[in-house]
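Participant: Pasting a structure below so you can have a look.
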Amino acid sequence: MGSKGKDMGGTTIPKETQKQDRTPNSKVAGMGSISSKDMVFRADMIDLKTLDMQLEKHFSRVWSMTQNQRPKEEWEIDLSKLDIQKVIAHGTYGTVYKGAYDNKKVAVKLLDWGEDGLATTAETAALRASFRQEVAVWHKLEHPNVTKFVGASMGATNLKIPTTEDQNSLPSRACCVVVEYIPCGTLKQLLIRHKKRKLPFKDVVQLALDLSRGLSYLHSKKIVHRDVKTENMLIGAHRSLKIADFGVARVEAQNPRDMTGETGTLGYMAPEVLEGKPYNRRCDVYSFGICLWEIYCCDMPYPNLSFVDVSSAVVRQNLRPSIPKCCPNSLANVMRKCWDSNPSKRPEMHEVVKMLEAIDTSNGGGMITREYFFGCFCFRPFHRLRGP
């Protein structure tokens, strides 16, 4: 530049531009006196992270406005009556808290959508759809063996929860499902506690009846649970069992081909589900058969096999848990019928209920009674006893 205020070609640079050039970190430095209409930004000067956060806040505001304007759903609760207290459990898609609603003990499931600004619009939309699906399945159900639905809320911006830092915080778009509080934990936890001293046979049959009646009710409403396992069953007073967690449940399709995909938990999944074939409510029957074995044995099926090995063997080698020799035939037959590899040969859940109701538990179902031997011989080691 030959002189102050001129570029190499001798053109005078406007004073406004000279002033902009001296402004540190200016995103529009060197653009001169141009209107906003003609303004062009350099891509390398744009703060994409800030832009993403601004867009996310904008979408969040738009979504909140939409939520405030839409009619209130019949299942929506008054959040001012909800008090969230402490964590009960963590799951894949959310965290469960103990709390109170309208001064009654409840369990509160919060969908974990991540911190504000981190979830993409598509991810958020998918999670909202999953939330609506769970609520749509749950809010009209009424059965003693299905966890009672209290209510739910979408966009709980003013809801506060306790955190490990003793602070209250919640993503602005979080959603919650509120259900009755079941005090005694999961069926899985109960079975672990009885791994050494097995459950009394009458308790085995009663738990199986509770589960089968709950599933029979769901199937009568055209609902397939799709993730029947002992971790998703809750134990209430007097060892009553209630089905919980409808996160992957769905209304049964008229066309079975509309229900495909590996949905559920490996070890409990029916062969047709593992293979990605069309399935129906009888995939729940298969899972029930595995649960029945687990309730009787108070043990894990396939403890020494990896998930990959289990999946392959269940489909290709017809692998099933080994039924102890001391298991009464009446119960063993129910297991075998439920986990048949052919879905059409499996009984309906209402038929399973009748089979279980017909079992005589007055004398251990035909097992060796405790008066003669301390537990069942077929459980090894011998200290794994079954009570009277």
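Starting from 1 in every chain, residues are counted up; chains themselves are A, B, ... following the order of the structure tokens, and ligands are numbered from 1 as listed.
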Could you please write out, as a ChimeraX atom specification, every residue of stretch 166-344 of chain A that DSSP assigns to strand (DSSP E or B)?
Facilitator: /A:168,176-180,186,197-198,223-224,233-235,241-243,250-251
Participant: Tell me, as a ChimeraX atom specification, which residues lie within 10 Å of A:Ser220, counting only C-alpha atoms; anything in the same chain fewer than 6 positions away does not count.
Facilitator: /A:214,349-350
Participant: Write out the residues from the selection above, keeping C-alpha atoms, as a CSV table (one decimal), in the first residue's frame.
Facilitator:
```
chain,number,residue,atom,x,y,z
A,214,GLY,CA,-51.3,-60.1,33.2
A,349,MET,CA,-51.7,-67.1,27.3
A,350,HIS,CA,-55.3,-67.7,28.5
```
Participant: Might you pull out every residue within 12 Å of A:Arg213, with only C-alpha atoms counted and same-chain residues fewer than 5 positions away left off, and present them as a count of residues only?
Facilitator: 27
Participant: Could you pull out the helix (DSSP H, G or I) residues of stretch 189-355 of chain A from DSSP and send them as JSON, numbers by chain?
Facilitator: {"A": [189, 190, 191, 192, 193, 201, 202, 203, 204, 205, 206, 207, 208, 209, 210, 211, 212, 213, 214, 215, 216, 217, 218, 219, 220, 230, 231, 232, 237, 238, 239, 256, 257, 258, 271, 272, 273, 274, 282, 283, 284, 285, 286, 287, 288, 289, 290, 291, 292, 293, 294, 295, 296, 297, 307, 308, 309, 310, 311, 312, 313, 314, 315, 316, 329, 330, 331, 332, 333, 334, 335, 336, 337, 338, 343, 344, 345, 349, 350, 351, 352, 353, 354, 355]}
Participant: Excluding A:Ile295 and any residue of its chain fewer than 6 positions from it, enumerate the residues within 12 Å of it, using only C-alpha atoms, and give them as a compact mmCIF listing (two decimals) with N, CA and C atoms, in the first residue's frame.
Facilitator:
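Saved result, around_39.txt, follows:
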```txt
# COMPACT_ATOMS: atom_id res chain seq x y z
N LEU A 187 -38.89 -58.92 40.10
CA LEU A 187 -38.90 -60.38 40.21
C LEU A 187 -37.47 -60.92 40.12
N LYS A 188 -36.67 -60.32 39.29
CA LYS A 188 -35.27 -60.73 39.14
C LYS A 188 -34.53 -60.66 40.48
N GLN A 189 -34.74 -59.58 41.20
CA GLN A 189 -34.08 -59.42 42.50
C GLN A 189 -34.56 -60.47 43.50
N LEU A 190 -35.85 -60.78 43.46
CA LEU A 190 -36.39 -61.82 44.34
C LEU A 190 -35.75 -63.17 44.05
N LEU A 191 -35.61 -63.50 42.78
CA LEU A 191 -35.03 -64.80 42.41
C LEU A 191 -33.56 -64.90 42.79
N ILE A 192 -32.84 -63.80 42.67
CA ILE A 192 -31.43 -63.79 43.07
C ILE A 192 -31.30 -64.06 44.57
N ARG A 193 -32.21 -63.49 45.35
CA ARG A 193 -32.17 -63.71 46.80
C ARG A 193 -32.45 -65.17 47.16
N HIS A 194 -33.13 -65.89 46.28
CA HIS A 194 -33.48 -67.29 46.55
C HIS A 194 -32.66 -68.27 45.71
N LYS A 195 -31.51 -67.84 45.26
CA LYS A 195 -30.70 -68.73 44.43
C LYS A 195 -30.26 -69.98 45.20
N LYS A 198 -34.43 -72.31 47.28
CA LYS A 198 -35.42 -72.06 46.23
C LYS A 198 -36.77 -71.64 46.80
N LEU A 199 -37.57 -71.02 45.96
CA LEU A 199 -38.92 -70.62 46.35
C LEU A 199 -39.80 -71.84 46.59
N PRO A 200 -40.71 -71.76 47.54
CA PRO A 200 -41.70 -72.84 47.70
C PRO A 200 -42.47 -73.03 46.40
N PHE A 201 -42.84 -74.27 46.11
CA PHE A 201 -43.49 -74.57 44.84
C PHE A 201 -44.79 -73.80 44.67
N LYS A 202 -45.53 -73.64 45.74
CA LYS A 202 -46.79 -72.90 45.64
C LYS A 202 -46.54 -71.44 45.25
N ASP A 203 -45.41 -70.87 45.71
CA ASP A 203 -45.05 -69.50 45.32
C ASP A 203 -44.64 -69.43 43.86
N VAL A 204 -43.95 -70.47 43.40
CA VAL A 204 -43.56 -70.55 41.98
C VAL A 204 -44.79 -70.48 41.10
N VAL A 205 -45.77 -71.32 41.42
CA VAL A 205 -46.99 -71.38 40.60
C VAL A 205 -47.78 -70.08 40.71
N GLN A 206 -47.82 -69.49 41.91
CA GLN A 206 -48.58 -68.24 42.07
C GLN A 206 -47.95 -67.10 41.28
N LEU A 207 -46.63 -66.99 41.31
CA LEU A 207 -45.95 -65.96 40.53
C LEU A 207 -46.19 -66.17 39.04
N ALA A 208 -46.12 -67.44 38.62
CA ALA A 208 -46.37 -67.76 37.21
C ALA A 208 -47.80 -67.42 36.82
N LEU A 209 -48.75 -67.68 37.71
CA LEU A 209 -50.15 -67.33 37.44
C LEU A 209 -50.33 -65.82 37.32
N LEU A 211 -48.14 -63.60 36.39
CA LEU A 211 -47.55 -63.16 35.13
C LEU A 211 -48.40 -63.58 33.94
N LYS A 229 -39.51 -60.29 30.63
CA LYS A 229 -38.36 -60.83 31.35
C LYS A 229 -38.54 -60.52 32.83
N THR A 230 -37.81 -61.21 33.68
CA THR A 230 -38.01 -61.07 35.11
C THR A 230 -37.63 -59.68 35.62
N GLU A 231 -36.77 -58.98 34.91
CA GLU A 231 -36.41 -57.61 35.31
C GLU A 231 -37.56 -56.63 35.11
N MET A 233 -40.73 -57.28 35.74
CA MET A 233 -41.85 -57.64 36.60
C MET A 233 -41.57 -57.13 38.01
N LEU A 241 -47.37 -60.16 41.76
CA LEU A 241 -46.53 -59.74 40.64
C LEU A 241 -47.30 -58.80 39.72
N PHE A 288 -42.39 -65.97 28.21
CA PHE A 288 -42.99 -66.43 29.46
C PHE A 288 -42.43 -67.80 29.85
N GLY A 289 -42.25 -68.69 28.87
CA GLY A 289 -41.69 -70.02 29.16
C GLY A 289 -40.31 -69.93 29.78
N PRO A 301 -30.86 -68.45 32.90
CA PRO A 301 -30.72 -69.38 31.77
C PRO A 301 -29.42 -69.10 31.02
N ILE A 323 -34.33 -78.41 32.06
CA ILE A 323 -35.33 -78.51 33.12
C ILE A 323 -34.86 -79.54 34.15
N CYS A 327 -38.38 -81.29 38.70
CA CYS A 327 -39.47 -80.37 38.36
C CYS A 327 -40.72 -81.19 38.03
N LEU A 331 -45.59 -78.76 35.49
CA LEU A 331 -44.96 -77.46 35.26
C LEU A 331 -43.99 -77.54 34.09
N MET A 335 -43.63 -75.28 30.40
CA MET A 335 -42.41 -74.67 29.87
C MET A 335 -42.19 -75.11 28.42
```
